[in-house]
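The structure file work08.cif is reproduced below (mmCIF, C-alpha atoms).
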```cif
data_data
#
loop_
_atom_site.label_atom_id
_atom_site.label_comp_id
_atom_site.auth_asym_id
_atom_site.auth_seq_id
_atom_site.Cartn_x
_atom_site.Cartn_y
_atom_site.Cartn_z
CA MET J 1 -11.57 211.82 107.98
CA TYR J 2 -10.21 209.97 111.05
CA PRO J 3 -10.47 206.18 111.26
CA GLU J 4 -13.37 205.00 113.46
CA SER J 5 -11.25 203.99 116.52
CA LEU J 6 -9.42 207.32 116.54
CA LYS J 7 -12.71 209.23 116.21
CA ARG J 8 -14.12 207.34 119.18
CA LEU J 9 -11.02 207.99 121.31
CA ILE J 10 -11.18 211.73 120.53
CA SER J 11 -14.85 211.88 121.49
CA GLU J 12 -14.25 209.99 124.76
CA LEU J 13 -11.32 212.29 125.64
CA GLU J 14 -13.50 215.32 124.91
CA ARG J 15 -15.83 214.25 127.73
CA LEU J 16 -13.07 214.85 130.30
CA PRO J 17 -13.32 218.15 132.20
CA GLY J 18 -11.40 221.00 130.59
CA VAL J 19 -10.60 219.00 127.46
CA GLY J 20 -11.83 220.58 124.21
CA THR J 21 -11.63 219.17 120.69
CA LYS J 22 -8.11 220.46 120.01
CA THR J 23 -6.72 219.01 123.26
CA ALA J 24 -8.58 215.73 122.72
CA GLU J 25 -7.03 215.46 119.24
CA ARG J 26 -3.57 216.24 120.61
CA LEU J 27 -3.93 213.58 123.32
CA ALA J 28 -5.36 211.05 120.84
CA PHE J 29 -2.47 211.62 118.40
CA HIS J 30 -0.07 211.12 121.29
CA ILE J 31 -1.73 207.82 122.21
CA LEU J 32 -1.78 206.79 118.53
CA LYS J 33 1.96 207.41 118.35
CA ALA J 34 2.87 206.06 121.80
CA ALA J 35 4.36 202.62 122.36
CA ASN J 36 1.67 199.95 122.75
CA ASP J 37 2.70 199.25 126.36
CA ASP J 38 2.52 202.90 127.40
CA ALA J 39 -0.98 203.34 125.99
CA LEU J 40 -2.21 200.08 127.49
CA ARG J 41 -0.84 201.01 130.94
CA LEU J 42 -3.09 204.08 130.84
CA ALA J 43 -6.12 202.01 129.77
CA VAL J 44 -5.43 199.48 132.53
CA ALA J 45 -4.95 202.24 135.13
CA ILE J 46 -8.39 203.67 134.27
CA ARG J 47 -9.98 200.23 134.48
CA ASP J 48 -8.23 199.44 137.79
CA VAL J 49 -9.43 202.64 139.44
CA LYS J 50 -13.01 201.56 138.72
CA LYS J 51 -12.37 197.89 139.50
CA ASN J 52 -10.12 197.98 142.59
CA LEU J 53 -11.51 200.91 144.52
CA ARG J 54 -14.61 200.36 146.68
CA PRO J 55 -16.14 202.81 149.17
CA CYS J 56 -14.81 202.25 152.69
CA SER J 57 -17.67 200.62 154.62
CA SER J 58 -17.24 203.18 157.36
CA CYS J 59 -16.44 206.55 155.75
CA ALA J 60 -17.14 205.88 152.00
CA LEU J 61 -13.66 207.00 150.89
CA PRO J 62 -12.62 204.90 147.84
CA THR J 63 -10.13 202.30 149.04
CA GLU J 64 -8.48 199.04 148.09
CA GLN J 65 -8.69 197.60 151.62
CA ASP J 66 -11.79 197.89 153.78
CA PRO J 67 -11.71 199.76 156.12
CA CYS J 68 -9.60 202.48 154.46
CA ALA J 69 -6.14 203.42 155.72
CA ILE J 70 -7.51 206.41 157.66
CA CYS J 71 -10.33 204.50 159.40
CA ALA J 72 -7.87 201.67 160.18
CA ASP J 73 -5.23 204.01 161.66
CA PRO J 74 -5.26 203.48 165.46
CA SER J 75 -3.56 206.85 166.04
CA ARG J 76 -6.53 208.86 164.73
CA ASP J 77 -9.08 210.45 167.02
CA ARG J 78 -12.21 208.35 166.52
CA ALA J 79 -14.46 210.78 168.41
CA THR J 80 -14.28 213.48 165.71
CA ILE J 81 -15.77 213.03 162.24
CA CYS J 82 -15.14 215.56 159.48
CA VAL J 83 -17.90 215.44 156.84
CA VAL J 84 -16.87 216.32 153.27
CA GLU J 85 -18.53 216.23 149.86
CA GLN J 86 -15.99 214.31 147.78
CA PRO J 87 -12.96 212.02 148.16
CA LYS J 88 -10.76 214.84 146.78
CA ASP J 89 -11.78 216.94 149.80
CA VAL J 90 -10.30 214.26 152.11
CA TYR J 91 -7.02 214.40 150.16
CA ALA J 92 -7.03 218.22 150.35
CA LEU J 93 -7.55 218.13 154.14
CA GLU J 94 -4.89 215.41 154.56
CA LYS J 95 -2.43 217.60 152.62
CA GLY J 96 -3.02 220.21 155.32
CA GLY J 97 -1.99 217.58 157.87
CA VAL J 98 -3.84 219.37 160.66
CA PHE J 99 -6.92 217.21 161.13
CA ARG J 100 -6.32 213.94 162.99
CA GLY J 101 -9.88 212.59 163.29
CA LEU J 102 -11.89 210.42 160.91
CA TYR J 103 -13.82 211.43 157.79
CA HIS J 104 -17.20 210.83 156.27
CA VAL J 105 -17.55 211.30 152.49
CA LEU J 106 -21.09 212.27 151.44
CA MET J 107 -20.39 211.53 147.74
CA GLY J 108 -22.11 214.72 146.67
CA THR J 109 -24.39 217.41 148.05
CA ILE J 110 -28.12 217.75 148.31
CA ALA J 111 -29.07 219.44 145.05
CA LEU J 112 -32.82 219.22 144.60
CA LEU J 113 -32.74 220.99 141.23
CA GLU J 114 -30.53 218.19 139.92
CA GLY J 115 -32.68 215.58 141.64
CA ILE J 116 -30.05 214.67 144.26
CA GLU J 117 -31.77 214.10 147.59
CA ALA J 118 -30.44 213.19 151.04
CA LYS J 119 -31.11 209.50 150.38
CA ASP J 120 -28.74 209.56 147.35
CA LEU J 121 -25.83 210.49 149.63
CA THR J 122 -24.20 208.53 152.47
CA ILE J 123 -26.20 210.45 155.08
CA ASP J 124 -27.94 207.35 156.50
CA ALA J 125 -24.53 205.78 157.12
CA LEU J 126 -23.33 208.97 158.85
CA GLU J 127 -26.41 208.98 161.12
CA ALA J 128 -25.76 205.31 161.96
CA ARG J 129 -22.12 206.11 162.85
CA VAL J 130 -23.24 208.84 165.24
CA ARG J 131 -26.02 206.69 166.74
CA ALA J 132 -23.50 203.87 167.30
CA GLY J 133 -21.90 206.16 169.90
CA GLY J 134 -18.36 207.28 170.67
CA VAL J 135 -18.59 210.39 168.46
CA ARG J 136 -18.14 213.68 170.29
CA GLU J 137 -18.04 216.16 167.39
CA VAL J 138 -19.11 216.23 163.75
CA ILE J 139 -17.34 218.94 161.73
CA LEU J 140 -19.31 219.92 158.63
CA ALA J 141 -16.73 220.70 155.94
CA THR J 142 -18.93 220.92 152.87
CA ASN J 143 -17.98 223.73 150.50
CA PRO J 144 -19.06 227.31 151.29
CA ASN J 145 -21.63 227.58 148.49
CA PHE J 146 -25.39 227.12 148.12
CA GLU J 147 -25.41 223.30 147.89
CA GLY J 148 -22.74 222.87 150.57
CA ASP J 149 -24.60 225.20 152.94
CA SER J 150 -27.98 223.49 152.39
CA THR J 151 -26.42 220.09 152.95
CA SER J 152 -24.76 221.30 156.17
CA LEU J 153 -28.05 222.76 157.38
CA HIS J 154 -29.80 219.44 156.72
CA LEU J 155 -27.06 217.53 158.56
CA SER J 156 -27.01 219.84 161.58
CA ARG J 157 -30.79 219.44 161.98
CA LEU J 158 -30.45 215.69 161.68
CA LEU J 159 -27.47 215.22 164.01
CA ALA J 160 -27.84 217.84 166.77
CA PRO J 161 -30.82 216.01 168.38
CA LEU J 162 -28.57 212.93 168.74
CA GLY J 163 -26.57 214.74 171.41
CA VAL J 164 -23.41 215.23 169.35
CA LYS J 165 -21.61 218.56 168.96
CA VAL J 166 -22.04 219.76 165.35
CA THR J 167 -19.69 222.46 163.98
CA ARG J 168 -19.21 224.14 160.61
CA ILE J 169 -15.76 225.08 159.23
CA ALA J 170 -15.01 228.80 159.38
CA ARG J 171 -15.56 231.15 156.47
CA GLY J 172 -13.98 234.53 155.97
CA LEU J 173 -11.05 235.90 153.99
CA ALA J 174 -8.73 233.22 152.67
CA ALA J 175 -5.16 233.49 153.98
CA GLY J 176 -3.00 235.22 151.38
CA SER J 177 -5.97 236.96 149.70
CA THR J 178 -6.67 240.68 149.87
CA LEU J 179 -9.75 242.73 150.77
CA GLU J 180 -9.34 244.51 147.44
CA TYR J 181 -10.30 241.41 145.45
CA ALA J 182 -12.77 239.88 147.92
CA SER J 183 -16.36 239.44 146.70
CA LYS J 184 -19.36 240.85 148.55
CA THR J 185 -20.10 237.42 150.07
CA MET J 186 -16.52 236.98 151.29
CA ILE J 187 -16.64 240.39 152.97
CA GLU J 188 -20.02 239.61 154.56
CA ASP J 189 -18.60 236.31 155.87
CA ALA J 190 -15.49 238.02 157.19
CA LEU J 191 -17.48 240.67 159.05
CA GLU J 192 -20.12 238.30 160.39
CA GLY J 193 -17.51 235.85 161.61
CA ARG J 194 -15.39 238.50 163.36
CA ARG J 195 -13.94 237.59 166.76
CA GLU J 196 -12.92 239.71 169.67
CA VAL J 197 -9.19 240.24 169.82
CA GLY J 198 -7.61 239.16 173.09
CA VAL J 199 -5.39 241.71 174.82
CA MET V 1 -2.09 209.46 150.68
CA TYR V 2 -3.96 208.26 147.59
CA PRO V 3 -4.89 204.59 147.24
CA GLU V 4 -2.51 202.64 144.96
CA SER V 5 -4.82 202.47 141.90
CA LEU V 6 -5.51 206.20 142.00
CA LYS V 7 -1.81 206.97 142.39
CA ARG V 8 -1.04 204.85 139.35
CA LEU V 9 -3.76 206.53 137.25
CA ILE V 10 -2.44 209.99 138.17
CA SER V 11 1.10 209.04 137.20
CA GLU V 12 -0.05 207.55 133.87
CA LEU V 13 -2.11 210.67 133.08
CA GLU V 14 0.90 212.84 133.92
CA ARG V 15 2.77 211.20 131.05
CA LEU V 16 0.36 212.74 128.52
CA PRO V 17 1.65 215.88 126.75
CA GLY V 18 0.67 219.12 128.45
CA VAL V 19 -0.71 217.34 131.52
CA GLY V 20 0.94 218.35 134.82
CA THR V 21 0.29 216.93 138.28
CA LYS V 22 -2.66 219.23 139.02
CA THR V 23 -4.40 218.39 135.74
CA ALA V 24 -3.66 214.68 136.15
CA GLU V 25 -5.23 214.79 139.62
CA ARG V 26 -8.28 216.63 138.31
CA LEU V 27 -8.75 214.10 135.50
CA ALA V 28 -8.19 211.16 137.88
CA PHE V 29 -10.77 212.52 140.36
CA HIS V 30 -13.19 212.90 137.47
CA ILE V 31 -12.63 209.28 136.42
CA LEU V 32 -12.93 208.14 140.05
CA LYS V 33 -16.30 209.89 140.28
CA ALA V 34 -17.56 209.02 136.79
CA ALA V 35 -20.04 206.23 136.12
CA ASN V 36 -18.31 202.89 135.60
CA ASP V 37 -19.48 202.67 131.98
CA ASP V 38 -18.17 206.12 131.07
CA ALA V 39 -14.72 205.39 132.49
CA LEU V 40 -14.55 201.99 130.85
CA ARG V 41 -15.55 203.43 127.46
CA LEU V 42 -12.43 205.64 127.65
CA ALA V 43 -10.22 202.68 128.63
CA VAL V 44 -11.65 200.60 125.77
CA ALA V 45 -11.22 203.47 123.28
CA ILE V 46 -7.52 203.73 124.19
CA ARG V 47 -7.08 199.97 123.84
CA ASP V 48 -8.97 199.90 120.52
CA VAL V 49 -6.83 202.63 118.97
CA LYS V 50 -3.77 200.46 119.62
CA LYS V 51 -5.52 197.19 118.69
CA ASN V 52 -7.62 198.11 115.64
CA LEU V 53 -5.35 200.52 113.80
CA ARG V 54 -2.60 199.14 111.60
CA PRO V 55 -0.33 201.07 109.23
CA CYS V 56 -1.75 201.09 105.67
CA SER V 57 0.47 198.72 103.68
CA SER V 58 0.89 201.39 101.02
CA CYS V 59 1.18 204.79 102.78
CA ALA V 60 1.60 203.77 106.48
CA LEU V 61 -1.38 205.89 107.65
CA PRO V 62 -3.05 204.10 110.62
CA THR V 63 -6.22 202.46 109.33
CA GLU V 64 -8.80 199.83 110.17
CA GLN V 65 -9.03 198.55 106.58
CA ASP V 66 -5.98 197.95 104.45
CA PRO V 67 -5.44 199.84 102.16
CA CYS V 68 -6.61 202.99 103.95
CA ALA V 69 -9.60 205.02 102.73
CA ILE V 70 -7.35 207.51 100.90
CA CYS V 71 -5.25 204.88 99.08
CA ALA V 72 -8.47 202.98 98.21
CA ASP V 73 -10.24 206.08 96.84
CA PRO V 74 -10.35 205.72 93.00
CA SER V 75 -10.91 209.46 92.55
CA ARG V 76 -7.48 210.40 93.95
CA ASP V 77 -4.52 211.21 91.69
CA ARG V 78 -2.21 208.20 92.11
CA ALA V 79 0.69 209.87 90.29
CA THR V 80 1.34 212.39 93.10
CA ILE V 81 2.61 211.37 96.54
CA CYS V 82 2.80 213.86 99.40
CA VAL V 83 5.35 212.79 102.02
CA VAL V 84 4.61 213.82 105.63
CA GLU V 85 6.14 213.09 109.02
CA GLN V 86 3.10 211.99 111.03
CA PRO V 87 -0.48 210.78 110.59
CA LYS V 88 -1.71 214.08 112.06
CA ASP V 89 -0.07 215.89 109.12
CA VAL V 90 -2.28 213.88 106.73
CA TYR V 91 -5.37 214.95 108.70
CA ALA V 92 -4.17 218.58 108.64
CA LEU V 93 -3.68 218.48 104.86
CA GLU V 94 -7.03 216.75 104.34
CA LYS V 95 -8.71 219.52 106.36
CA GLY V 96 -7.30 221.92 103.77
CA GLY V 97 -9.09 219.85 101.14
CA VAL V 98 -6.76 221.08 98.39
CA PHE V 99 -4.50 218.08 97.83
CA ARG V 100 -6.08 215.22 95.87
CA GLY V 101 -3.11 212.85 95.49
CA LEU V 102 -1.90 210.07 97.78
CA TYR V 103 0.23 210.31 100.91
CA HIS V 104 3.24 208.63 102.41
CA VAL V 105 3.69 208.82 106.21
CA LEU V 106 7.34 208.59 107.29
CA MET V 107 6.41 207.98 110.96
CA GLY V 108 9.05 210.43 112.14
CA THR V 109 12.07 212.32 110.85
CA ILE V 110 15.70 211.48 110.59
CA ALA V 111 17.11 212.69 113.93
CA LEU V 112 20.59 211.31 114.33
CA LEU V 113 21.05 212.88 117.77
CA GLU V 114 18.05 210.87 118.99
CA GLY V 115 19.28 207.78 117.17
CA ILE V 116 16.52 207.83 114.52
CA GLU V 117 18.01 206.86 111.16
CA ALA V 118 16.51 206.52 107.69
CA LYS V 119 15.97 202.81 108.23
CA ASP V 120 13.72 203.49 111.25
CA LEU V 121 11.26 205.36 109.03
CA THR V 122 9.12 204.11 106.12
CA ILE V 123 11.63 205.39 103.58
CA ASP V 124 12.32 201.96 102.03
CA ALA V 125 8.60 201.55 101.37
CA LEU V 126 8.48 205.04 99.76
CA GLU V 127 11.40 204.17 97.49
CA ALA V 128 9.65 200.92 96.52
CA ARG V 129 6.45 202.84 95.68
CA VAL V 130 8.39 205.17 93.39
CA ARG V 131 10.37 202.31 91.80
CA ALA V 132 7.08 200.44 91.13
CA GLY V 133 6.30 203.22 88.64
CA GLY V 134 3.30 205.42 87.93
CA VAL V 135 4.49 208.20 90.24
CA ARG V 136 5.11 211.54 88.53
CA GLU V 137 5.77 213.81 91.50
CA VAL V 138 6.80 213.42 95.14
CA ILE V 139 5.95 216.47 97.25
CA LEU V 140 8.12 216.67 100.40
CA ALA V 141 5.88 218.13 103.13
CA THR V 142 8.01 217.54 106.21
CA ASN V 143 7.97 220.43 108.68
CA PRO V 144 10.14 223.51 107.99
CA ASN V 145 12.63 222.85 110.80
CA PHE V 146 16.04 221.21 111.13
CA GLU V 147 14.83 217.58 111.23
CA GLY V 148 12.20 218.11 108.55
CA ASP V 149 14.72 219.80 106.27
CA SER V 150 17.40 217.12 106.74
CA THR V 151 14.85 214.40 106.05
CA SER V 152 13.69 216.17 102.90
CA LEU V 153 17.27 216.58 101.72
CA HIS V 154 17.89 212.86 102.25
CA LEU V 155 14.70 211.96 100.36
CA SER V 156 15.40 214.27 97.43
CA ARG V 157 18.88 212.73 96.99
CA LEU V 158 17.37 209.27 97.15
CA LEU V 159 14.40 209.83 94.83
CA ALA V 160 15.60 212.29 92.19
CA PRO V 161 17.87 209.69 90.48
CA LEU V 162 14.76 207.48 90.02
CA GLY V 163 13.45 209.93 87.41
CA VAL V 164 10.60 211.32 89.51
CA LYS V 165 9.94 215.03 90.01
CA VAL V 166 10.71 215.90 93.67
CA THR V 167 9.31 219.15 95.13
CA ARG V 168 9.34 220.77 98.58
CA ILE V 169 6.36 222.71 100.00
CA ALA V 170 6.82 226.49 99.96
CA ARG V 171 8.08 228.43 102.94
CA GLY V 172 7.68 232.14 103.57
CA LEU V 173 5.32 234.32 105.57
CA ALA V 174 2.25 232.46 106.82
CA ALA V 175 -1.03 233.88 105.53
CA GLY V 176 -2.54 236.15 108.19
CA SER V 177 0.82 236.79 109.89
CA THR V 178 2.69 240.09 109.84
CA LEU V 179 6.25 241.09 108.99
CA GLU V 180 6.38 242.82 112.37
CA TYR V 181 6.31 239.53 114.27
CA ALA V 182 8.17 237.37 111.74
CA SER V 183 11.40 235.75 112.94
CA LYS V 184 14.72 236.18 111.14
CA THR V 185 14.33 232.74 109.51
CA MET V 186 10.83 233.51 108.28
CA ILE V 187 12.05 236.75 106.70
CA GLU V 188 15.01 234.99 105.08
CA ASP V 189 12.63 232.34 103.69
CA ALA V 190 10.22 235.00 102.41
CA LEU V 191 12.97 236.94 100.64
CA GLU V 192 14.73 233.89 99.25
CA GLY V 193 11.47 232.43 97.93
CA ARG V 194 10.33 235.69 96.25
CA ARG V 195 8.71 235.40 92.84
CA GLU V 196 8.48 237.84 89.96
CA VAL V 197 5.11 239.54 89.86
CA GLY V 198 3.33 239.17 86.52
CA VAL V 199 2.13 242.41 84.85
#
```

What's the structure tokens form of this structure?
Amino acid sequence: MYPESLKRLISELERLPGVGTKTAERLAFHILKAANDDALRLAVAIRDVKKNLRPCSSCALPTEQDPCAICADPSRDRATICVVEQPKDVYALEKGGVFRGLYHVLMGTIALLEGIEAKDLTIDALEARVRAGGVREVILATNPNFEGDSTSLHLSRLLAPLGVKVTRIARGLAAGSTLEYASKTMIEDALEGRREVGV
Amino acid sequence: MYPESLKRLISELERLPGVGTKTAERLAFHILKAANDDALRLAVAIRDVKKNLRPCSSCALPTEQDPCAICADPSRDRATICVVEQPKDVYALEKGGVFRGLYHVLMGTIALLEGIEAKDLTIDALEARVRAGGVREVILATNPNFEGDSTSLHLSRLLAPLGVKVTRIARGLAAGSTLEYASKTMIEDALEGRREVGV
């Protein structure tokens, strides 16, 4: 029923996360109706993200200039490296504005069932950074789930023998949440991670 | 915080209907992470929709071949033209599979407050089609709202003197809806459009 080009656009839009057929059709009709320039700006923006961004040679964060703005910032603490799974995790931590060290983006997690091994991530580069010296602490900030935990375990075994302090971000109840709606795992984490209250 | 290219992609995605900042970021991160080929296929599909589709010279429906598949179909009733606002209305009617005539896509409605006049739509071309002869009935299928109604009124005044039968699609209660949730306008339409029941 749709012309070929429109059909192809709908099927490409459907591959985006959280976009079903109805939404893909709605977006495609919008693009069909939009001014040529507006639609082409979107196409060019997609192409540019793939063309202009390269992993930072130090931390692997996608960047236009190498090294990235964070690695190049002289005010950051170069002795602390926070290890995250994805670029979006760096942006989330930067939004917090609390961490002032450098990052290392793994570009995934070890997920053997999906065939993703340590060598598919930027783990070799992380080891080289630590071996190069000057790093005091590596903070493992992978997500608190099965893959994130396994990856952190792998990294702690790899890095601890190099004489660097290896830490894992805290887990427990999220600020603003309630015990009432916490899952069993959250409650276990909260109890296990309890700290003595100073008086 | 984001590199320039990523920032630009997020702001272009935000211009899509129903896409807020959070969704635009999610989609942009997906594109950032996606394989090069997958991302480029989406960019090319957007470009192709604007490049390959041209309005059908007869009905204005976007098409790769002129005339479009519907206008070129010899099995369709060429004496009946259904006038709609947008290409997506043609697809909606075709999904119904009931109408077997030809279409005419106005590419909008008369909306004087937004500066859209009759001359900005494909109304001249519609008049020419009717004047060319062979058309028995023009069905006005613009949406049942203020702009759709004004546009239909304008078209009926323009076309009726040409000796063609001009009809407007029925309005009333939508099949599957209930009186309980019908708005005042729907109830007015349903009462005004009542028909005598055959015995």

Quick one: which residues from chain V are at most 8 Å off chain J, using only C-alpha atoms, as JSON, numbers by chain? {"V": [1, 2, 3, 4, 5, 6, 8, 9, 12, 13, 16, 17, 27, 29, 30, 31, 32, 36, 39, 40, 41, 42, 43, 44, 45, 46, 47, 48, 49, 50, 52, 53, 62, 63, 64, 88, 91, 94]}

Output C-alpha atoms for every residue in the selection just made, as a PDB file, keeping the file's coordinate frame.
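What follows is the written file out19.pdb:
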```
ATOM      1  CA  MET V   1      -2.090 209.460 150.680  1.00  0.00           C
ATOM      2  CA  TYR V   2      -3.960 208.260 147.590  1.00  0.00           C
ATOM      3  CA  PRO V   3      -4.890 204.590 147.240  1.00  0.00           C
ATOM      4  CA  GLU V   4      -2.510 202.640 144.960  1.00  0.00           C
ATOM      5  CA  SER V   5      -4.820 202.470 141.900  1.00  0.00           C
ATOM      6  CA  LEU V   6      -5.510 206.200 142.000  1.00  0.00           C
ATOM      7  CA  ARG V   8      -1.040 204.850 139.350  1.00  0.00           C
ATOM      8  CA  LEU V   9      -3.760 206.530 137.250  1.00  0.00           C
ATOM      9  CA  GLU V  12      -0.050 207.550 133.870  1.00  0.00           C
ATOM     10  CA  LEU V  13      -2.110 210.670 133.080  1.00  0.00           C
ATOM     11  CA  LEU V  16       0.360 212.740 128.520  1.00  0.00           C
ATOM     12  CA  PRO V  17       1.650 215.880 126.750  1.00  0.00           C
ATOM     13  CA  LEU V  27      -8.750 214.100 135.500  1.00  0.00           C
ATOM     14  CA  PHE V  29     -10.770 212.520 140.360  1.00  0.00           C
ATOM     15  CA  HIS V  30     -13.190 212.900 137.470  1.00  0.00           C
ATOM     16  CA  ILE V  31     -12.630 209.280 136.420  1.00  0.00           C
ATOM     17  CA  LEU V  32     -12.930 208.140 140.050  1.00  0.00           C
ATOM     18  CA  ASN V  36     -18.310 202.890 135.600  1.00  0.00           C
ATOM     19  CA  ALA V  39     -14.720 205.390 132.490  1.00  0.00           C
ATOM     20  CA  LEU V  40     -14.550 201.990 130.850  1.00  0.00           C
ATOM     21  CA  ARG V  41     -15.550 203.430 127.460  1.00  0.00           C
ATOM     22  CA  LEU V  42     -12.430 205.640 127.650  1.00  0.00           C
ATOM     23  CA  ALA V  43     -10.220 202.680 128.630  1.00  0.00           C
ATOM     24  CA  VAL V  44     -11.650 200.600 125.770  1.00  0.00           C
ATOM     25  CA  ALA V  45     -11.220 203.470 123.280  1.00  0.00           C
ATOM     26  CA  ILE V  46      -7.520 203.730 124.190  1.00  0.00           C
ATOM     27  CA  ARG V  47      -7.080 199.970 123.840  1.00  0.00           C
ATOM     28  CA  ASP V  48      -8.970 199.900 120.520  1.00  0.00           C
ATOM     29  CA  VAL V  49      -6.830 202.630 118.970  1.00  0.00           C
ATOM     30  CA  LYS V  50      -3.770 200.460 119.620  1.00  0.00           C
ATOM     31  CA  ASN V  52      -7.620 198.110 115.640  1.00  0.00           C
ATOM     32  CA  LEU V  53      -5.350 200.520 113.800  1.00  0.00           C
ATOM     33  CA  PRO V  62      -3.050 204.100 110.620  1.00  0.00           C
ATOM     34  CA  THR V  63      -6.220 202.460 109.330  1.00  0.00           C
ATOM     35  CA  GLU V  64      -8.800 199.830 110.170  1.00  0.00           C
ATOM     36  CA  LYS V  88      -1.710 214.080 112.060  1.00  0.00           C
ATOM     37  CA  TYR V  91      -5.370 214.950 108.700  1.00  0.00           C
ATOM     38  CA  GLU V  94      -7.030 216.750 104.340  1.00  0.00           C
TER      39      GLU V  94
END
```

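If you apply the PyMOL selection byres ((chain V and resi 100) around 12) to this structure, you end up with Ile70, Cys71, Asp73, Pro74, Ser75, Arg76, Asp77, Arg78, Ala79, Thr80, Ile81, Cys82, Val90, Leu93, Glu94, Lys95, Gly96, Gly97, Val98, Phe99, Gly101, Leu102 and Tyr103 of chain V.
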
Could you take the residues named above and write them with C-alpha atoms, as a tab-separated table (two decimals), in the frame of the given file?
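Dumped to result21.tsv:
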```tsv
chain	number	residue	atom	x	y	z
V	70	ILE	CA	-7.35	207.51	100.90
V	71	CYS	CA	-5.25	204.88	99.08
V	73	ASP	CA	-10.24	206.08	96.84
V	74	PRO	CA	-10.35	205.72	93.00
V	75	SER	CA	-10.91	209.46	92.55
V	76	ARG	CA	-7.48	210.40	93.95
V	77	ASP	CA	-4.52	211.21	91.69
V	78	ARG	CA	-2.21	208.20	92.11
V	79	ALA	CA	0.69	209.87	90.29
V	80	THR	CA	1.34	212.39	93.10
V	81	ILE	CA	2.61	211.37	96.54
V	82	CYS	CA	2.80	213.86	99.40
V	90	VAL	CA	-2.28	213.88	106.73
V	93	LEU	CA	-3.68	218.48	104.86
V	94	GLU	CA	-7.03	216.75	104.34
V	95	LYS	CA	-8.71	219.52	106.36
V	96	GLY	CA	-7.30	221.92	103.77
V	97	GLY	CA	-9.09	219.85	101.14
V	98	VAL	CA	-6.76	221.08	98.39
V	99	PHE	CA	-4.50	218.08	97.83
V	101	GLY	CA	-3.11	212.85	95.49
V	102	LEU	CA	-1.90	210.07	97.78
V	103	TYR	CA	0.23	210.31	100.91
```

Have a look at atom CA of Leu106 of chain V and atom CA of Gly133 of chain V and let me know their distance in Å, one decimal.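 Atom CA of Gly133 of chain V lies at a distance of 19.4 Å from atom CA of Leu106 of chain V.
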
Could you name the residues that touch Asn143 of chain J at 12 Å or less, counting only C-alpha atoms, but leaving out those on the same chain fewer than 2 positions away, as a list of chain:residue names? J:Val83, J:Val84, J:Glu85, J:Gln86, J:Asp89, J:Leu106, J:Gly108, J:Thr109, J:Ile110, J:Leu140, J:Ala141, J:Asn145, J:Phe146, J:Glu147, J:Gly148, J:Asp149, J:Ser150, J:Thr151, J:Ser152, J:Arg168, J:Ile169, J:Ala170, J:Arg171

When the PyMOL selection byres ((chain J and resi 166) around 7) is applied to the structure above, which residues does it catch, written out as a list of chain:residue names?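 Output from the PyMOL selection byres ((chain J and resi 166) around 7), applied to this file: J:Glu137, J:Val138, J:Ile139, J:Ser156, J:Ala160, J:Val164, J:Lys165, J:Thr167.
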
Serialized selection, C-alpha atoms, as a compact mmCIF listing (two decimals), keeping the file's coordinate frame:
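Resulting contents of result23.txt:
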```txt
# COMPACT_ATOMS: atom_id res chain seq x y z
CA GLU J 137 -18.04 216.16 167.39
CA VAL J 138 -19.11 216.23 163.75
CA ILE J 139 -17.34 218.94 161.73
CA SER J 156 -27.01 219.84 161.58
CA ALA J 160 -27.84 217.84 166.77
CA VAL J 164 -23.41 215.23 169.35
CA LYS J 165 -21.61 218.56 168.96
CA THR J 167 -19.69 222.46 163.98
```

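Note that atom CA of Arg194 of chain V and atom CA of Pro144 of chain V are 16.9 Å apart.
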
Distance atom CA of Thr21 of chain J-atom CA of Ala182 of chain V, one decimal place? 28.3 Å
